[in-house]
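See below for the structure under consideration.
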Amino acid sequence: QVQLVESGGGSVQAGGSLRLSCAASRYTSNNYYCMGWFRQTPGKAREGVAGIYMVDGASYYADSVKGRFTISRDNAKNTAYLQMNALKPDDTAIYYCAAASGAHVRGCRFWDDYNYWGHGTQVTVSS
């Protein structure tokens with residue numbers, strides 16, 4: 001079982017930056033292990049934003065955030081980060097940290113493979 005604790009988020013004006021952090025309680029080195037960020041707005045499905053392979057740092061992004069968001073990790077702390085720059089009002093959402101661990105994982109860009117979730121943190125971008 002992997003437990004995820006998020007921090008960061010808040011309110012910012014358009015064009016501003018925020019950084020999210022997610023600490024995982026346990027890292028299973030024997031299984032394919034990804035950490036990622038998803039977001040959800042009312043009435044819409046949760047969408048994958050960014051994912052990272054904890055072993056080598058290979059990262060993947062949704063088209064809507066490429067060039068603006070950067071996912072990174074600190075293996076010593078078992079933590080992933082999401083640096084969000086040039087934020088837009090459309091980025092307003094609840095952001096969820098997620099992890100993918102287990103034999104079913106095909107890769108960190110397969111958003112359906114993420115099977116552990118944080119509680120979410122609100123990000124609000126005003127125009």
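In the structure tokens, each chain is lettered A, B, ... as it comes, each chain's residues begin at 1, and ligands are numbered from 1 in order of appearance.
Once range 7-19 of chain A and its same-chain neighbours fewer than 4 positions away are set aside, Ala23, Arg68, Phe69, Thr70, Ile71, Tyr81, Leu82, Gln83, Met84, Asn85, Ala86, Leu87, Lys88, Pro89, Asp90, Asp91, Thr92, Ile94, Tyr95, Cys97, Gly120, Thr121, Gln122, Val123, Thr124, Val125, Ser126 and Ser127 of chain A remain within 10 Å of it when counting only C-alpha atoms.
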Output of the above residues as a PDB file, in the first residue's frame, restricted to N, CA and C atoms:
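again_16.pdb was written with the following content:
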```pdb
ATOM      1  N   ALA A  23       4.639  13.465  -1.191  1.00  0.00           N
ATOM      2  CA  ALA A  23       5.515  12.502  -0.538  1.00  0.00           C
ATOM      3  C   ALA A  23       4.814  11.146  -0.466  1.00  0.00           C
ATOM      4  N   ARG A  68       4.977  24.385 -19.865  1.00  0.00           N
ATOM      5  CA  ARG A  68       4.634  25.223 -18.709  1.00  0.00           C
ATOM      6  C   ARG A  68       4.832  24.498 -17.388  1.00  0.00           C
ATOM      7  N   PHE A  69       4.538  23.216 -17.350  1.00  0.00           N
ATOM      8  CA  PHE A  69       4.650  22.428 -16.125  1.00  0.00           C
ATOM      9  C   PHE A  69       5.858  21.514 -16.215  1.00  0.00           C
ATOM     10  N   THR A  70       6.491  21.292 -15.068  1.00  0.00           N
ATOM     11  CA  THR A  70       7.625  20.376 -14.996  1.00  0.00           C
ATOM     12  C   THR A  70       7.460  19.466 -13.793  1.00  0.00           C
ATOM     13  N   ILE A  71       7.528  18.173 -14.038  1.00  0.00           N
ATOM     14  CA  ILE A  71       7.481  17.205 -12.944  1.00  0.00           C
ATOM     15  C   ILE A  71       8.907  16.749 -12.651  1.00  0.00           C
ATOM     16  N   TYR A  81       7.450  16.365  -7.438  1.00  0.00           N
ATOM     17  CA  TYR A  81       7.080  17.778  -7.450  1.00  0.00           C
ATOM     18  C   TYR A  81       6.452  18.134  -8.788  1.00  0.00           C
ATOM     19  N   LEU A  82       5.583  19.113  -8.766  1.00  0.00           N
ATOM     20  CA  LEU A  82       5.030  19.660 -10.001  1.00  0.00           C
ATOM     21  C   LEU A  82       5.206  21.171  -9.956  1.00  0.00           C
ATOM     22  N   GLN A  83       6.124  21.664 -10.771  1.00  0.00           N
ATOM     23  CA  GLN A  83       6.330  23.098 -10.898  1.00  0.00           C
ATOM     24  C   GLN A  83       5.430  23.597 -12.013  1.00  0.00           C
ATOM     25  N   MET A  84       4.556  24.531 -11.672  1.00  0.00           N
ATOM     26  CA  MET A  84       3.576  25.040 -12.626  1.00  0.00           C
ATOM     27  C   MET A  84       3.865  26.512 -12.883  1.00  0.00           C
ATOM     28  N   ASN A  85       4.241  26.814 -14.117  1.00  0.00           N
ATOM     29  CA  ASN A  85       4.539  28.195 -14.514  1.00  0.00           C
ATOM     30  C   ASN A  85       3.534  28.680 -15.553  1.00  0.00           C
ATOM     31  N   ALA A  86       3.498  29.968 -15.760  1.00  0.00           N
ATOM     32  CA  ALA A  86       2.604  30.562 -16.763  1.00  0.00           C
ATOM     33  C   ALA A  86       1.186  30.034 -16.601  1.00  0.00           C
ATOM     34  N   LEU A  87       0.713  30.041 -15.383  1.00  0.00           N
ATOM     35  CA  LEU A  87      -0.609  29.469 -15.101  1.00  0.00           C
ATOM     36  C   LEU A  87      -1.721  30.264 -15.760  1.00  0.00           C
ATOM     37  N   LYS A  88      -2.745  29.538 -16.164  1.00  0.00           N
ATOM     38  CA  LYS A  88      -3.899  30.121 -16.831  1.00  0.00           C
ATOM     39  C   LYS A  88      -5.153  29.835 -16.009  1.00  0.00           C
ATOM     40  N   PRO A  89      -6.200  30.615 -16.176  1.00  0.00           N
ATOM     41  CA  PRO A  89      -7.458  30.317 -15.470  1.00  0.00           C
ATOM     42  C   PRO A  89      -7.961  28.899 -15.750  1.00  0.00           C
ATOM     43  N   ASP A  90      -7.714  28.382 -16.952  1.00  0.00           N
ATOM     44  CA  ASP A  90      -8.126  27.019 -17.292  1.00  0.00           C
ATOM     45  C   ASP A  90      -7.395  25.957 -16.480  1.00  0.00           C
ATOM     46  N   ASP A  91      -6.308  26.324 -15.807  1.00  0.00           N
ATOM     47  CA  ASP A  91      -5.589  25.372 -14.963  1.00  0.00           C
ATOM     48  C   ASP A  91      -6.255  25.206 -13.594  1.00  0.00           C
ATOM     49  N   THR A  92      -7.247  26.018 -13.317  1.00  0.00           N
ATOM     50  CA  THR A  92      -7.963  25.925 -12.041  1.00  0.00           C
ATOM     51  C   THR A  92      -8.609  24.553 -11.905  1.00  0.00           C
ATOM     52  N   ILE A  94      -8.870  20.873  -8.848  1.00  0.00           N
ATOM     53  CA  ILE A  94      -8.278  20.130  -7.735  1.00  0.00           C
ATOM     54  C   ILE A  94      -7.201  19.235  -8.333  1.00  0.00           C
ATOM     55  N   TYR A  95      -6.012  19.326  -7.808  1.00  0.00           N
ATOM     56  CA  TYR A  95      -4.883  18.536  -8.302  1.00  0.00           C
ATOM     57  C   TYR A  95      -4.642  17.371  -7.352  1.00  0.00           C
ATOM     58  N   CYS A  97      -2.265  14.024  -6.433  1.00  0.00           N
ATOM     59  CA  CYS A  97      -1.054  13.228  -6.600  1.00  0.00           C
ATOM     60  C   CYS A  97      -1.475  11.770  -6.767  1.00  0.00           C
ATOM     61  N   GLY A 120      -5.948  15.365  -2.710  1.00  0.00           N
ATOM     62  CA  GLY A 120      -6.180  16.491  -3.599  1.00  0.00           C
ATOM     63  C   GLY A 120      -5.882  17.830  -2.947  1.00  0.00           C
ATOM     64  N   THR A 121      -5.489  18.791  -3.774  1.00  0.00           N
ATOM     65  CA  THR A 121      -5.229  20.141  -3.305  1.00  0.00           C
ATOM     66  C   THR A 121      -5.749  21.120  -4.349  1.00  0.00           C
ATOM     67  N   GLN A 122      -6.379  22.186  -3.894  1.00  0.00           N
ATOM     68  CA  GLN A 122      -7.013  23.130  -4.802  1.00  0.00           C
ATOM     69  C   GLN A 122      -5.986  24.096  -5.378  1.00  0.00           C
ATOM     70  N   VAL A 123      -6.069  24.297  -6.685  1.00  0.00           N
ATOM     71  CA  VAL A 123      -5.292  25.327  -7.375  1.00  0.00           C
ATOM     72  C   VAL A 123      -6.280  26.243  -8.070  1.00  0.00           C
ATOM     73  N   THR A 124      -6.209  27.528  -7.762  1.00  0.00           N
ATOM     74  CA  THR A 124      -7.110  28.506  -8.355  1.00  0.00           C
ATOM     75  C   THR A 124      -6.297  29.595  -9.035  1.00  0.00           C
ATOM     76  N   VAL A 125      -6.571  29.810 -10.320  1.00  0.00           N
ATOM     77  CA  VAL A 125      -5.866  30.822 -11.096  1.00  0.00           C
ATOM     78  C   VAL A 125      -6.877  31.876 -11.532  1.00  0.00           C
ATOM     79  N   SER A 126      -6.679  33.082 -11.107  1.00  0.00           N
ATOM     80  CA  SER A 126      -7.606  34.159 -11.442  1.00  0.00           C
ATOM     81  C   SER A 126      -7.063  34.994 -12.599  1.00  0.00           C
ATOM     82  N   SER A 127      -7.980  35.539 -13.363  1.00  0.00           N
ATOM     83  CA  SER A 127      -7.580  36.318 -14.540  1.00  0.00           C
ATOM     84  C   SER A 127      -7.355  37.777 -14.179  1.00  0.00           C
TER      85      SER A 127
END
```
Hey, what's within 6 Å of Ala99 in chain A if we count only C-alpha atoms and toss same-chain stuff fewer than 3 positions away? As a compact mmCIF listing (two decimals) with C-alpha atoms, in the first residue's frame, please?
```
# COMPACT_ATOMS: atom_id res chain seq x y z
CA CYS A 34 5.50 6.00 -11.31
CA MET A 35 4.30 9.14 -9.62
CA TYR A 114 -2.29 4.87 -11.64
CA TYR A 116 -2.94 5.12 -5.57
```
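Counting from CA of His119 in chain A, the distance to CA of Ala58 in chain A is 24.8 Å.
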Can you pull out the residues contacting Gly118 in chain A? Cut-off 7 Å, using only C-alpha atoms, and skip same-chain residues under 4 positions away; I want them as a PDB file with C-alpha atoms, in the first residue's frame.
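Saved as out_26.pdb:
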```pdb
ATOM      1  CA  LEU A   4       0.481   9.920  -0.693  1.00  0.00           C
ATOM      2  CA  VAL A   5       0.586  13.274   1.087  1.00  0.00           C
ATOM      3  CA  GLU A   6       0.279  16.436  -0.982  1.00  0.00           C
ATOM      4  CA  TYR A  96      -4.326  14.974  -7.158  1.00  0.00           C
ATOM      5  CA  CYS A  97      -1.054  13.228  -6.600  1.00  0.00           C
ATOM      6  CA  ALA A  98      -1.038   9.646  -7.811  1.00  0.00           C
TER       7      ALA A  98
END
```
- Message: One decimal, in Å: what's the spacing between CA of Arg73 in chain A and CA of Trp37 in chain A?
- Response: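 Computing it gives 12.1 Å between the two atoms.
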- So what do you get for CA of Thr41 in chain A versus CA of Ala62 in chain A, distance-wise?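 Separation of CA of Thr41 in chain A and CA of Ala62 in chain A: 15.8 Å.
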- Task: Could you please write out, as a PyMOL selection string, every residue of chain A that DSSP assigns to helix (DSSP H, G or I)?
- Result: chain A and resi 63-65+89-91+111-113
- For Asp74 in chain A, please output as a PyMOL selection string all residues within 12 Å (counting only C-alpha atoms; exclusion window: fewer than 2 positions along the same chain). chain A and resi 21-24+35+52-57+71-72+76-82
Once you have the residues from the selection above, write them out as a PDB file, in the first residue's frame, restricted to N, CA, C and O atoms.
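Final file, again37.pdb:
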```
ATOM      1  N   SER A  21       3.894  19.481  -4.082  1.00  0.00           N
ATOM      2  CA  SER A  21       4.770  18.400  -3.628  1.00  0.00           C
ATOM      3  C   SER A  21       3.926  17.206  -3.223  1.00  0.00           C
ATOM      4  O   SER A  21       2.795  17.367  -2.762  1.00  0.00           O
ATOM      5  N   CYS A  22       4.494  16.026  -3.384  1.00  0.00           N
ATOM      6  CA  CYS A  22       3.798  14.805  -3.001  1.00  0.00           C
ATOM      7  C   CYS A  22       4.805  13.814  -2.441  1.00  0.00           C
ATOM      8  O   CYS A  22       5.716  13.381  -3.155  1.00  0.00           O
ATOM      9  N   ALA A  23       4.639  13.465  -1.191  1.00  0.00           N
ATOM     10  CA  ALA A  23       5.515  12.502  -0.538  1.00  0.00           C
ATOM     11  C   ALA A  23       4.814  11.146  -0.466  1.00  0.00           C
ATOM     12  O   ALA A  23       3.664  11.063  -0.032  1.00  0.00           O
ATOM     13  N   ALA A  24       5.512  10.111  -0.912  1.00  0.00           N
ATOM     14  CA  ALA A  24       4.979   8.749  -0.862  1.00  0.00           C
ATOM     15  C   ALA A  24       5.548   8.024   0.345  1.00  0.00           C
ATOM     16  O   ALA A  24       6.727   8.165   0.673  1.00  0.00           O
ATOM     17  N   MET A  35       5.095   8.167 -10.344  1.00  0.00           N
ATOM     18  CA  MET A  35       4.300   9.142  -9.616  1.00  0.00           C
ATOM     19  C   MET A  35       3.804  10.169 -10.608  1.00  0.00           C
ATOM     20  O   MET A  35       4.453  10.421 -11.635  1.00  0.00           O
ATOM     21  N   ILE A  52       5.994  10.651 -13.935  1.00  0.00           N
ATOM     22  CA  ILE A  52       7.436  10.484 -13.935  1.00  0.00           C
ATOM     23  C   ILE A  52       7.795   9.092 -13.438  1.00  0.00           C
ATOM     24  O   ILE A  52       7.191   8.582 -12.497  1.00  0.00           O
ATOM     25  N   TYR A  53       8.776   8.482 -14.100  1.00  0.00           N
ATOM     26  CA  TYR A  53       9.273   7.184 -13.694  1.00  0.00           C
ATOM     27  C   TYR A  53      10.344   7.430 -12.626  1.00  0.00           C
ATOM     28  O   TYR A  53      11.347   8.085 -12.884  1.00  0.00           O
ATOM     29  N   MET A  54      10.112   6.894 -11.438  1.00  0.00           N
ATOM     30  CA  MET A  54      10.970   7.223 -10.307  1.00  0.00           C
ATOM     31  C   MET A  54      12.392   6.688 -10.457  1.00  0.00           C
ATOM     32  O   MET A  54      13.310   7.177  -9.814  1.00  0.00           O
ATOM     33  N   VAL A  55      12.588   5.699 -11.298  1.00  0.00           N
ATOM     34  CA  VAL A  55      13.918   5.102 -11.438  1.00  0.00           C
ATOM     35  C   VAL A  55      14.852   5.995 -12.242  1.00  0.00           C
ATOM     36  O   VAL A  55      15.970   6.298 -11.809  1.00  0.00           O
ATOM     37  N   ASP A  56      14.382   6.449 -13.424  1.00  0.00           N
ATOM     38  CA  ASP A  56      15.291   7.212 -14.278  1.00  0.00           C
ATOM     39  C   ASP A  56      14.826   8.622 -14.578  1.00  0.00           C
ATOM     40  O   ASP A  56      15.499   9.365 -15.302  1.00  0.00           O
ATOM     41  N   GLY A  57      13.659   9.005 -14.055  1.00  0.00           N
ATOM     42  CA  GLY A  57      13.192  10.368 -14.231  1.00  0.00           C
ATOM     43  C   GLY A  57      12.504  10.651 -15.547  1.00  0.00           C
ATOM     44  O   GLY A  57      12.177  11.819 -15.823  1.00  0.00           O
ATOM     45  N   ILE A  71       7.528  18.173 -14.038  1.00  0.00           N
ATOM     46  CA  ILE A  71       7.481  17.205 -12.944  1.00  0.00           C
ATOM     47  C   ILE A  71       8.907  16.749 -12.651  1.00  0.00           C
ATOM     48  O   ILE A  71       9.717  16.569 -13.569  1.00  0.00           O
ATOM     49  N   SER A  72       9.209  16.587 -11.381  1.00  0.00           N
ATOM     50  CA  SER A  72      10.541  16.127 -10.984  1.00  0.00           C
ATOM     51  C   SER A  72      10.392  15.233  -9.762  1.00  0.00           C
ATOM     52  O   SER A  72       9.301  15.120  -9.199  1.00  0.00           O
ATOM     53  N   ALA A  76      15.555  10.261  -2.727  1.00  0.00           N
ATOM     54  CA  ALA A  76      15.955  10.167  -1.329  1.00  0.00           C
ATOM     55  C   ALA A  76      14.785  10.473  -0.397  1.00  0.00           C
ATOM     56  O   ALA A  76      14.683   9.927   0.696  1.00  0.00           O
ATOM     57  N   LYS A  77      13.904  11.361  -0.848  1.00  0.00           N
ATOM     58  CA  LYS A  77      12.738  11.724  -0.055  1.00  0.00           C
ATOM     59  C   LYS A  77      11.475  11.015  -0.529  1.00  0.00           C
ATOM     60  O   LYS A  77      10.411  11.227   0.041  1.00  0.00           O
ATOM     61  N   ASN A  78      11.599  10.221  -1.604  1.00  0.00           N
ATOM     62  CA  ASN A  78      10.434   9.547  -2.193  1.00  0.00           C
ATOM     63  C   ASN A  78       9.320  10.543  -2.474  1.00  0.00           C
ATOM     64  O   ASN A  78       8.155  10.310  -2.128  1.00  0.00           O
ATOM     65  N   THR A  79       9.712  11.632  -3.091  1.00  0.00           N
ATOM     66  CA  THR A  79       8.805  12.755  -3.302  1.00  0.00           C
ATOM     67  C   THR A  79       8.827  13.189  -4.762  1.00  0.00           C
ATOM     68  O   THR A  79       9.877  13.169  -5.409  1.00  0.00           O
ATOM     69  N   ALA A  80       7.664  13.562  -5.253  1.00  0.00           N
ATOM     70  CA  ALA A  80       7.542  14.130  -6.592  1.00  0.00           C
ATOM     71  C   ALA A  80       7.042  15.569  -6.467  1.00  0.00           C
ATOM     72  O   ALA A  80       6.313  15.910  -5.533  1.00  0.00           O
ATOM     73  N   TYR A  81       7.450  16.365  -7.438  1.00  0.00           N
ATOM     74  CA  TYR A  81       7.080  17.778  -7.450  1.00  0.00           C
ATOM     75  C   TYR A  81       6.452  18.134  -8.788  1.00  0.00           C
ATOM     76  O   TYR A  81       6.771  17.536  -9.817  1.00  0.00           O
ATOM     77  N   LEU A  82       5.583  19.113  -8.766  1.00  0.00           N
ATOM     78  CA  LEU A  82       5.030  19.660 -10.001  1.00  0.00           C
ATOM     79  C   LEU A  82       5.206  21.171  -9.956  1.00  0.00           C
ATOM     80  O   LEU A  82       4.535  21.852  -9.176  1.00  0.00           O
TER      81      LEU A  82
END
```
- Message: Need to verify the contact set: Ala45 in chain A, 12 Å, only C-alpha atoms, exclusion of same-chain residues closer than 5 positions in sequence. Can you return it as a VMD selection string?
- Response: chain A and resid 38 to 40 93 to 94
